[in-house]
Structure formats: C-alpha cells, structure tokens
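Visitor: Can you keep this structure in mind? I'll have questions shortly.
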Amino acid sequence: MATHSGSAEAAYGLARERYAALGVDTEAALSQLAQVALSLHCWQGDDVGGFENPGGELSGGIAATGNYPGKARNADELRSDLDLAYRLIPGRHRLNLHAIYAETGGKKVERNELGPEHFAAWLDWAKAGGHGLDFNPTCFSHPLAADGYTLAHRDPAVRQFWIEHCIACRHIGAHFGLALGTPCVTNIWVPDGSKDTPADRLAPRQRLRESLDQILDEPIDPAFNRDAVEAKLFGLGSESYVAGSHEFYMGYAVSRPGTLLCLDAGHFHPTEVISDKVSAVLLYVDELLLHVSRGVRWDSDHVVTLTDELQAIMQELVRGDFLGRTHIGLDFFDASINRVAAWTIGARNALRALLMALLEPTAELRAFEGAGDNTARLALLEELKGLPWATIWDQHCRRQGVPVGMAFLDEIRTYETQVLASRA
Ligand code: RNT
Ligand code: ZN
C-alpha cells in the first residue's frame with residue numbers, strides 16, 4: 001500500500017515536471033478544478049420518468065432507450081443512486097432537478113400548484129450533502145402537452161397553465177437558492193414544434209415570447225434564482241419546426257438582460273458545435289448554462305465521452321476565462337447501461353476534459369499565434385494531447401478521496417448486486 005501510494009506520488013512528481021517545463025503549474029490547475037461544480041441531471045437515474053405518474057409515458061420529442069435493470073422507482077432510490085455517483089466523482093457537485101421529481105406524498109398536485117414544500121426532502125438531502133440545486137419546469141409528459149405545444153399553444157388556457165407552472169418553478173428555484181446560499185438556475189425548455197411543415201412559423205414564436213415575458217415578469221434576486229432558456233433544432237415529432245430555435249432564444253436572452261442562454265451540445269446540426277458559440281454568445285449575454293451532452297445522428301442524449309468537442313468546449317471556457325460566467329450542467333439519458341455508471345462516466349469525462357484545458361499553456365499558444373507562428377501553435381497543440389494529463393487526473397482523484405481509474409466500476413458493480421438487483 002505504502003509502496004503503491006509512493007509510486008503514485010512519484011508518477012505525479014514526474015508529470016508535474018513535464019508540465020512545469022512548459023510553464024504549466026499543475027497544482028494551480030488542480031485547485032481550480034476542485035472549485036468547479038457540475039450540475040448532475042437527476043433524470044439520468046430513471047429515464048426522465050419522475051414520480052408524478054409512475055409508469056407514465058415520456059413525451060416532448062425525447063426518448064430514453066434501453067431497459068437496463070435497476071432504475072430508481074422513487075425519490076429515496078434516486079437519492080441513494082445519486083449519493084453513489086457523487087462518491088465516485090471528484091469534487092463537490094450540484095443537482096439539477098425537474099419538476100416531475102416532486103414528492104407530494106401520494107396526493108395529486110397539478111404542476112401549476114407545485115411549491116417548495118413538494119421538494120422539502122430534496123432540499124434536506126442537498127443541504128446534508130453540500131449540493132447546490134438547479135431546477136427545470138417540466139413542460140412535457142402531461143395531457144396538456146399531448147399535442148406538442150405548451151407555452152406557444154394556440155389555446156390561451158393551455159398556455160396559461162404552463163405559464164403558471166413556470167412561475168411556480170421560479171419560486172421553487174428561489175427557495176432553493178435562499179436556503180442553500182447558492183443561486184439556483186431555473187432552465188426553461190419547451191418541446192413546442194411540429195412534425196410537418198407549418199404554414200405559420202411566426203405566430204407560435206410570438207406566443208412563446210409573450211408567455212416567457214409573463215413568466216419572467218416578476219423580478220427575482222439573482223442571488224437566489226437565475227432564469228435560463230434552452231433552444232433546440234428538432235425532436236421526435238417536431239422534425240420540421242421548433243418554435244424555440246437558437247435564433248429565437250439568442251434574441252430573447254439578449255433582449256431580456258439577466259436571462260441566461262442555455263446551449264445544449266446536442267441541439268444543433270450534426271456538424272455545428274457549441275464550442276464555437278461560447279465566445280460569441282458571451283459578448284452579448286452575461287452568463288451561459290451548458291447542457292453538456294453528446295449527439296449521435298438523430299439523438300442528442302448519449303453519455304458524454306472524451307471527444308474532441310468536449311475538449312473544445314472546456315478549452316473555450318478556460319481560454320476565455322469564462323468559468324465564472326458559465327454554469328455547467330450535464331444532459332443525457334441512457335437506459336441501456338447501468339445508470340449510476342452513466343452519470344459517473346459522463347461527469348468524470350467532463351472534469352477530465354476540463355483538467356486537460358486547465359493544463360494548457362495558453363499564454364505560450366497565444367504568443368505563437370500573435371507572432372504568426374501557426375506551425376509552432378499546431379505542433380504544441382498536438383504535443384499537449386500526449387502529455388501525462390491522466391497522471392494529474394489520478395492525483396486529483398486520490399486527493400479528493402474518490403476511486404482512481406476503473407476502480408469506480410467495482411463500487412458500481414457491488415451496488416448493482418447489493419441494491420439495484422433487488423428492484424423489480
Ligand atoms: C430536451 C432538452 C432538455 C431535456 C431535459 C429533460 O431536448 O435537452 O434539457 O433534456 O429538460
Ligand atoms: Zn438539454
């Protein structure tokens with residue numbers, strides 16, 4: 001054991017020297033990394049089911065495919081699964097809740113009547129575990145969302161219901177922010193769109209704008225709650241038109257100061273990347289919410305892997321000094337693998353990519369670029385990919401008291417046998 005940790009320390013020492021030779025301080029990178037809180041999405045734990053209507057159908061143009069055993073059936077099981085994921089992810093992280101994860105004690109509570117009391121157990125749990133909370137109205141999987149429209153619906157009564165739901169959610173968010181001493185980001189995403197070519201692309205957008213204005217009318221102290229809006233390109237059943245497109249929400253957030261723009265990595269054309277949008281958008285909005293996800297063909301919700309784009313996103317946040325203006329959330333739902341592993345693998349990858357970015361000699365790269373030496377810029381960027389960043393990552397895991405390397409999977413396997421296997 002002593003020899004093992006001795007050799008780990010020695011490996012770290014050598015890796016640290018390699019980086020020091022490039023002018024990179026690995027200790028500074030590790031302390032910065034330790035301060036970044038990811039917002040883990042609760043909905044990976046139960047395939048976006050929620051507890052409002054057990055066994056209810058997921059709608060809104062999103063789908064979780066797979067039937068891996070052990071899905072959480074209630075909030076206690078979901079919290080237990082989350083606790084394990086947090087024990088396997090270095091650092092202290094937030095939880096991103098959806099309104100359908102309310103606990104109403106078996107009583108039917110309409111979504112426009114939800115209040116902080118329906119999230120009391122989540123709040124206690126967050127306090128005990130040191131997790132900040134973020135929140136989302138659930139404008140799908142509901143009879144009043146069955147025809148694919150909510151805030152942009154042509155029926156004013158349907159619109160009103162969803163407006164009231166979103167207002168209730170902002171209040172719940174503010175309650176979380178006040179209670180936990182860290183602002184809650186409440187993110188509005190609506191599925192509104194149409195399968196086939198609409199004759200009127202304008203009217204639903206006008207209605208969506210009007211609904212959002214009503215929702216955001218009441219000022220709330222940003223120390224407690226911050227509002228974000230999330231665009232999408234298309235979904236299942238909204239292939240031809242989505243009212244809340246990128247241009248729609250970009251314009252909305254810019255024209256309504258204080259509104260955060262949410263960029264979901266899976267909500268653009270397949271070759272369009274959000275890494276290139278960060279520096280453009282942050283010229284015009286104060287803060288960003290990211291839904292770090294991975295699109296594969298038509299689907300946008302695969303577990304985050306260590307792709308070029310994930311690295312590019314994190315590089316942009318570090319190079320632009322944008323970490324203080326960016327809330328990093330994860331958004332994927334894969335029901336074909338162990339769900340705790342999905343969270344753990346995705347979150348660890350996001351942090352690994354962030355570490356790689358923090359280990360970059362940005363000043364030197366910019367000096368090459370400034371001098372017009374693009375040859376050296378390319379050479380150094382490629383050299384960096386082979387540097388021992390994984391050794392620095394292992395050191396981070398050790399210091400943060402989480403498993404190093406594949407050892408995290410052993411803990412998940414044990415949990416699978418002892419806990420998940422008994423869930424019907
Ligand atoms: C859907 C959006 C949205 C959802 C969650 C469940 O396409 O990405 O963020 O994933 O609200
Ligand atoms: Zn999203």
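Order determines the names: the first chain of the structure tokens is A, the second B, and so forth; residues in each chain are numbered 1 upward, and ligands are numbered 1 upward as they are shown.
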Tell me, as a VMD selection string, which residues lie within 12 Å of Lys108 in chain A, counting only C-alpha atoms; anything in the same chain fewer than 6 positions away does not count.
Guide: chain A and resid 51 to 53 100 102 114 118
Visitor: Within 10 Å of ligand 1, counting only C-alpha atoms and all ligand atoms, which protein or nucleic acid residues do you find, written as a VMD selection string?
Guide: chain A and resid 41 to 44 47 to 49 58 60 to 63 96 to 99 135 to 140 187 to 191 229 to 236 262 to 267 290 to 293 299 to 301 329 to 333
Visitor: Keeping only N, CA and C atoms, write the selected residues to a file as a short mmCIF file (atom, residue, chain, number, x, y, z; two decimals), in the first residue's frame.
Guide:
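Below is the file part_19.cif, written as the result:
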```cif
data_model
loop_
_atom_site.label_atom_id
_atom_site.label_comp_id
_atom_site.auth_asym_id
_atom_site.auth_seq_id
_atom_site.Cartn_x
_atom_site.Cartn_y
_atom_site.Cartn_z
N HIS A 41 -27.69 15.95 -13.72
CA HIS A 41 -29.11 15.91 -14.06
C HIS A 41 -29.76 14.70 -13.40
N CYS A 42 -30.78 14.95 -12.57
CA CYS A 42 -31.42 13.85 -11.84
C CYS A 42 -32.04 12.84 -12.80
N TRP A 43 -32.42 13.29 -13.99
CA TRP A 43 -33.24 12.45 -14.87
C TRP A 43 -32.49 11.30 -15.53
N GLN A 44 -31.16 11.25 -15.44
CA GLN A 44 -30.44 10.07 -15.93
C GLN A 44 -30.77 8.85 -15.05
N ASP A 47 -34.61 7.51 -16.36
CA ASP A 47 -35.05 7.64 -17.76
C ASP A 47 -36.10 8.73 -17.93
N VAL A 48 -35.91 9.86 -17.24
CA VAL A 48 -36.80 11.03 -17.32
C VAL A 48 -38.25 10.67 -16.96
N GLY A 49 -38.40 9.76 -16.01
CA GLY A 49 -39.75 9.33 -15.63
C GLY A 49 -40.41 10.27 -14.63
N LEU A 58 -43.08 9.04 -21.44
CA LEU A 58 -42.25 10.22 -21.69
C LEU A 58 -42.67 10.84 -23.01
N GLY A 60 -42.74 14.79 -25.52
CA GLY A 60 -41.99 16.02 -25.75
C GLY A 60 -40.85 15.85 -26.73
N GLY A 61 -40.91 14.74 -27.49
CA GLY A 61 -39.90 14.56 -28.54
C GLY A 61 -38.57 14.06 -28.04
N ILE A 62 -38.53 13.59 -26.78
CA ILE A 62 -37.30 13.00 -26.26
C ILE A 62 -37.61 11.56 -25.87
N ALA A 63 -36.58 10.71 -25.89
CA ALA A 63 -36.80 9.30 -25.59
C ALA A 63 -35.55 8.71 -24.95
N ASN A 96 -29.35 18.88 -10.60
CA ASN A 96 -30.32 19.56 -11.46
C ASN A 96 -31.63 18.77 -11.42
N LEU A 97 -32.66 19.36 -10.81
CA LEU A 97 -33.95 18.67 -10.63
C LEU A 97 -34.95 19.12 -11.68
N HIS A 98 -35.88 18.24 -11.99
CA HIS A 98 -37.01 18.58 -12.85
C HIS A 98 -38.27 18.59 -11.99
N ALA A 99 -39.27 19.36 -12.40
CA ALA A 99 -40.47 19.50 -11.57
C ALA A 99 -41.18 18.16 -11.33
N PHE A 135 -32.95 23.85 -11.24
CA PHE A 135 -34.34 23.41 -11.42
C PHE A 135 -34.83 23.59 -12.85
N ASN A 136 -35.88 22.85 -13.18
CA ASN A 136 -36.48 22.89 -14.52
C ASN A 136 -37.98 22.68 -14.45
N PRO A 137 -38.77 23.58 -15.04
CA PRO A 137 -40.18 23.25 -15.26
C PRO A 137 -40.26 22.01 -16.17
N THR A 138 -41.27 21.18 -15.97
CA THR A 138 -41.44 20.01 -16.85
C THR A 138 -42.62 20.28 -17.77
N CYS A 139 -42.33 20.74 -18.98
CA CYS A 139 -43.38 21.07 -19.95
C CYS A 139 -43.52 19.95 -20.98
N PHE A 140 -43.61 18.72 -20.49
CA PHE A 140 -43.83 17.55 -21.36
C PHE A 140 -44.36 16.43 -20.47
N ASN A 187 -34.11 26.47 -15.61
CA ASN A 187 -33.98 26.44 -17.07
C ASN A 187 -35.29 26.06 -17.73
N ILE A 188 -35.74 26.91 -18.65
CA ILE A 188 -36.99 26.65 -19.36
C ILE A 188 -36.68 26.03 -20.72
N TRP A 189 -37.13 24.80 -20.89
CA TRP A 189 -37.11 24.18 -22.22
C TRP A 189 -38.52 23.68 -22.51
N VAL A 190 -39.04 24.04 -23.67
CA VAL A 190 -40.35 23.52 -24.08
C VAL A 190 -40.19 22.80 -25.41
N PRO A 191 -40.97 21.75 -25.63
CA PRO A 191 -40.81 20.95 -26.85
C PRO A 191 -41.49 21.55 -28.07
N VAL A 229 -32.94 29.95 -20.74
CA VAL A 229 -33.82 29.46 -21.81
C VAL A 229 -33.01 28.58 -22.75
N GLU A 230 -33.59 27.45 -23.15
CA GLU A 230 -32.86 26.44 -23.91
C GLU A 230 -33.47 26.20 -25.29
N ALA A 231 -32.67 26.37 -26.30
CA ALA A 231 -33.12 26.19 -27.68
C ALA A 231 -32.92 24.76 -28.15
N LYS A 232 -33.61 24.42 -29.23
CA LYS A 232 -33.44 23.10 -29.84
C LYS A 232 -33.68 23.21 -31.34
N LEU A 233 -33.11 22.29 -32.08
CA LEU A 233 -33.27 22.31 -33.53
C LEU A 233 -34.46 21.46 -33.97
N PHE A 234 -34.53 20.25 -33.42
CA PHE A 234 -35.68 19.38 -33.73
C PHE A 234 -35.75 18.28 -32.69
N GLY A 235 -36.90 17.63 -32.59
CA GLY A 235 -37.06 16.47 -31.73
C GLY A 235 -37.91 15.43 -32.45
N LEU A 236 -38.14 14.31 -31.81
CA LEU A 236 -39.02 13.29 -32.38
C LEU A 236 -40.42 13.88 -32.46
N CYS A 262 -29.10 28.91 -22.58
CA CYS A 262 -28.63 27.53 -22.39
C CYS A 262 -28.25 26.95 -23.75
N LEU A 263 -27.04 26.48 -23.85
CA LEU A 263 -26.59 25.80 -25.07
C LEU A 263 -26.46 24.32 -24.76
N ASP A 264 -27.29 23.52 -25.41
CA ASP A 264 -27.22 22.07 -25.27
C ASP A 264 -26.40 21.54 -26.45
N ALA A 265 -25.36 20.79 -26.14
CA ALA A 265 -24.42 20.34 -27.18
C ALA A 265 -25.09 19.47 -28.24
N GLY A 266 -26.27 18.91 -27.93
CA GLY A 266 -26.92 18.03 -28.89
C GLY A 266 -28.05 18.69 -29.66
N HIS A 267 -28.18 20.00 -29.57
CA HIS A 267 -29.35 20.67 -30.15
C HIS A 267 -29.05 21.47 -31.41
N LEU A 290 -24.70 25.51 -19.77
CA LEU A 290 -24.39 24.48 -20.77
C LEU A 290 -25.10 23.19 -20.41
N HIS A 291 -25.69 22.56 -21.39
CA HIS A 291 -26.12 21.18 -21.25
C HIS A 291 -25.11 20.36 -22.02
N VAL A 292 -24.15 19.81 -21.27
CA VAL A 292 -23.11 19.03 -21.92
C VAL A 292 -23.70 17.65 -22.20
N SER A 293 -23.73 17.33 -23.47
CA SER A 293 -24.40 16.14 -23.94
C SER A 293 -23.60 15.63 -25.14
N ASP A 299 -30.12 11.47 -32.41
CA ASP A 299 -30.33 11.56 -30.98
C ASP A 299 -29.29 12.48 -30.35
N SER A 300 -29.71 13.20 -29.31
CA SER A 300 -28.79 14.19 -28.75
C SER A 300 -28.41 13.89 -27.32
N ASP A 301 -28.68 12.70 -26.84
CA ASP A 301 -28.58 12.49 -25.40
C ASP A 301 -27.72 11.31 -24.98
N GLY A 329 -23.97 22.16 -16.79
CA GLY A 329 -24.88 21.06 -16.48
C GLY A 329 -24.63 19.90 -17.44
N LEU A 330 -25.02 18.71 -17.03
CA LEU A 330 -24.95 17.55 -17.93
C LEU A 330 -26.36 17.23 -18.36
N ASP A 331 -26.51 16.69 -19.56
CA ASP A 331 -27.84 16.32 -20.03
C ASP A 331 -27.75 15.15 -20.99
N PHE A 332 -28.01 13.96 -20.45
CA PHE A 332 -28.11 12.77 -21.31
C PHE A 332 -28.95 11.76 -20.55
N PHE A 333 -29.52 10.83 -21.27
CA PHE A 333 -30.26 9.76 -20.60
C PHE A 333 -30.13 8.49 -21.40
#
```
Visitor: Would you mind writing down, as a PyMOL selection string, each residue of range 239-308 of chain A that DSSP on the backbone assigns to helix (DSSP H, G or I)?
Guide: chain A and resi 246-255+274-276+278-281+308
Visitor: Take the selection from the previous step and output its residues with all heavy atoms, as a short mmCIF file (atom, residue, chain, number, x, y, z; two decimals), in the first residue's frame.
Guide:
```
data_model
loop_
_atom_site.label_atom_id
_atom_site.label_comp_id
_atom_site.auth_asym_id
_atom_site.auth_seq_id
_atom_site.Cartn_x
_atom_site.Cartn_y
_atom_site.Cartn_z
N HIS A 246 -32.62 28.30 -31.93
CA HIS A 246 -31.46 29.02 -31.41
C HIS A 246 -31.59 30.53 -31.60
O HIS A 246 -31.36 31.31 -30.68
CB HIS A 246 -30.18 28.51 -32.07
CG HIS A 246 -28.94 29.24 -31.61
ND1 HIS A 246 -28.59 29.32 -30.27
CD2 HIS A 246 -28.02 29.94 -32.29
CE1 HIS A 246 -27.48 30.04 -30.16
NE2 HIS A 246 -27.12 30.42 -31.36
N GLU A 247 -31.99 30.93 -32.80
CA GLU A 247 -32.11 32.37 -33.07
C GLU A 247 -33.17 32.98 -32.17
O GLU A 247 -33.02 34.10 -31.68
CB GLU A 247 -32.45 32.62 -34.54
CG GLU A 247 -31.33 32.30 -35.52
CD GLU A 247 -31.07 30.81 -35.68
OE1 GLU A 247 -31.91 29.97 -35.27
OE2 GLU A 247 -30.00 30.46 -36.20
N PHE A 248 -34.26 32.23 -31.97
CA PHE A 248 -35.33 32.74 -31.11
C PHE A 248 -34.80 33.05 -29.71
O PHE A 248 -34.98 34.14 -29.18
CB PHE A 248 -36.48 31.72 -31.03
CG PHE A 248 -37.55 32.14 -30.06
CD1 PHE A 248 -38.62 32.93 -30.48
CD2 PHE A 248 -37.48 31.78 -28.72
CE1 PHE A 248 -39.59 33.35 -29.57
CE2 PHE A 248 -38.43 32.20 -27.80
CZ PHE A 248 -39.49 32.99 -28.23
N TYR A 249 -34.14 32.08 -29.10
CA TYR A 249 -33.71 32.27 -27.71
C TYR A 249 -32.49 33.16 -27.59
O TYR A 249 -32.30 33.84 -26.58
CB TYR A 249 -33.45 30.92 -27.04
CG TYR A 249 -34.73 30.24 -26.59
CD1 TYR A 249 -35.08 28.99 -27.07
CD2 TYR A 249 -35.58 30.86 -25.67
CE1 TYR A 249 -36.24 28.36 -26.64
CE2 TYR A 249 -36.75 30.24 -25.25
CZ TYR A 249 -37.07 28.99 -25.73
OH TYR A 249 -38.22 28.38 -25.30
N MET A 250 -31.64 33.14 -28.61
CA MET A 250 -30.49 34.06 -28.60
C MET A 250 -31.02 35.49 -28.55
O MET A 250 -30.60 36.31 -27.72
CB MET A 250 -29.66 33.83 -29.87
CG MET A 250 -28.49 34.75 -30.03
SD MET A 250 -27.06 34.15 -29.15
CE MET A 250 -26.16 35.68 -28.95
N GLY A 251 -31.98 35.77 -29.42
CA GLY A 251 -32.58 37.11 -29.43
C GLY A 251 -33.29 37.39 -28.12
O GLY A 251 -33.22 38.50 -27.58
N TYR A 252 -33.97 36.38 -27.61
CA TYR A 252 -34.73 36.58 -26.37
C TYR A 252 -33.78 36.93 -25.22
O TYR A 252 -34.00 37.90 -24.49
CB TYR A 252 -35.57 35.34 -26.03
CG TYR A 252 -36.54 35.65 -24.92
CD1 TYR A 252 -37.77 36.26 -25.19
CD2 TYR A 252 -36.20 35.42 -23.59
CE1 TYR A 252 -38.64 36.63 -24.17
CE2 TYR A 252 -37.06 35.78 -22.56
CZ TYR A 252 -38.28 36.38 -22.86
OH TYR A 252 -39.12 36.76 -21.85
N ALA A 253 -32.74 36.13 -25.06
CA ALA A 253 -31.83 36.33 -23.92
C ALA A 253 -31.10 37.68 -24.04
O ALA A 253 -30.92 38.39 -23.05
CB ALA A 253 -30.82 35.19 -23.83
N VAL A 254 -30.72 38.03 -25.26
CA VAL A 254 -30.01 39.31 -25.44
C VAL A 254 -30.93 40.48 -25.14
O VAL A 254 -30.52 41.48 -24.55
CB VAL A 254 -29.43 39.40 -26.87
CG1 VAL A 254 -28.93 40.81 -27.18
CG2 VAL A 254 -28.30 38.39 -27.06
N SER A 255 -32.20 40.36 -25.52
CA SER A 255 -33.12 41.49 -25.34
C SER A 255 -33.75 41.52 -23.95
O SER A 255 -34.44 42.48 -23.61
CB SER A 255 -34.21 41.45 -26.41
OG SER A 255 -34.91 40.23 -26.34
N ILE A 274 -21.13 23.69 -30.19
CA ILE A 274 -21.34 24.81 -29.25
C ILE A 274 -20.02 25.42 -28.79
O ILE A 274 -20.01 26.56 -28.33
CB ILE A 274 -22.23 24.43 -28.05
CG1 ILE A 274 -21.55 23.43 -27.12
CG2 ILE A 274 -23.59 23.92 -28.50
CD1 ILE A 274 -22.27 23.28 -25.76
N SER A 275 -18.92 24.69 -28.93
CA SER A 275 -17.63 25.26 -28.50
C SER A 275 -17.35 26.56 -29.24
O SER A 275 -16.76 27.49 -28.68
CB SER A 275 -16.49 24.26 -28.75
OG SER A 275 -16.50 23.83 -30.09
N ASP A 276 -17.78 26.64 -30.48
CA ASP A 276 -17.55 27.86 -31.27
C ASP A 276 -18.54 28.96 -30.92
O ASP A 276 -18.38 30.10 -31.33
CB ASP A 276 -17.61 27.54 -32.76
CG ASP A 276 -17.27 28.77 -33.61
OD1 ASP A 276 -16.24 29.41 -33.30
OD2 ASP A 276 -18.03 29.09 -34.54
N VAL A 278 -19.55 29.73 -27.68
CA VAL A 278 -19.36 30.28 -26.33
C VAL A 278 -18.82 31.72 -26.37
O VAL A 278 -19.39 32.63 -25.77
CB VAL A 278 -18.42 29.36 -25.52
CG1 VAL A 278 -18.01 30.01 -24.20
CG2 VAL A 278 -19.10 28.02 -25.26
N SER A 279 -17.75 31.93 -27.10
CA SER A 279 -17.11 33.26 -27.10
C SER A 279 -17.97 34.28 -27.83
O SER A 279 -17.88 35.48 -27.56
CB SER A 279 -15.72 33.19 -27.72
OG SER A 279 -15.81 32.71 -29.05
N ALA A 280 -18.79 33.83 -28.76
CA ALA A 280 -19.67 34.76 -29.48
C ALA A 280 -20.83 35.18 -28.59
O ALA A 280 -21.12 36.37 -28.43
CB ALA A 280 -20.19 34.10 -30.76
N VAL A 281 -21.46 34.19 -27.97
CA VAL A 281 -22.65 34.46 -27.17
C VAL A 281 -22.29 35.28 -25.92
O VAL A 281 -23.04 36.18 -25.52
CB VAL A 281 -23.31 33.11 -26.80
CG1 VAL A 281 -24.26 33.26 -25.64
CG2 VAL A 281 -24.02 32.53 -28.03
N ASP A 308 -13.38 15.21 -29.06
CA ASP A 308 -12.74 16.48 -29.44
C ASP A 308 -13.62 17.65 -29.05
O ASP A 308 -13.14 18.67 -28.57
CB ASP A 308 -12.52 16.53 -30.96
CG ASP A 308 -11.40 15.61 -31.41
OD1 ASP A 308 -10.68 15.07 -30.54
OD2 ASP A 308 -11.26 15.42 -32.63
#
```
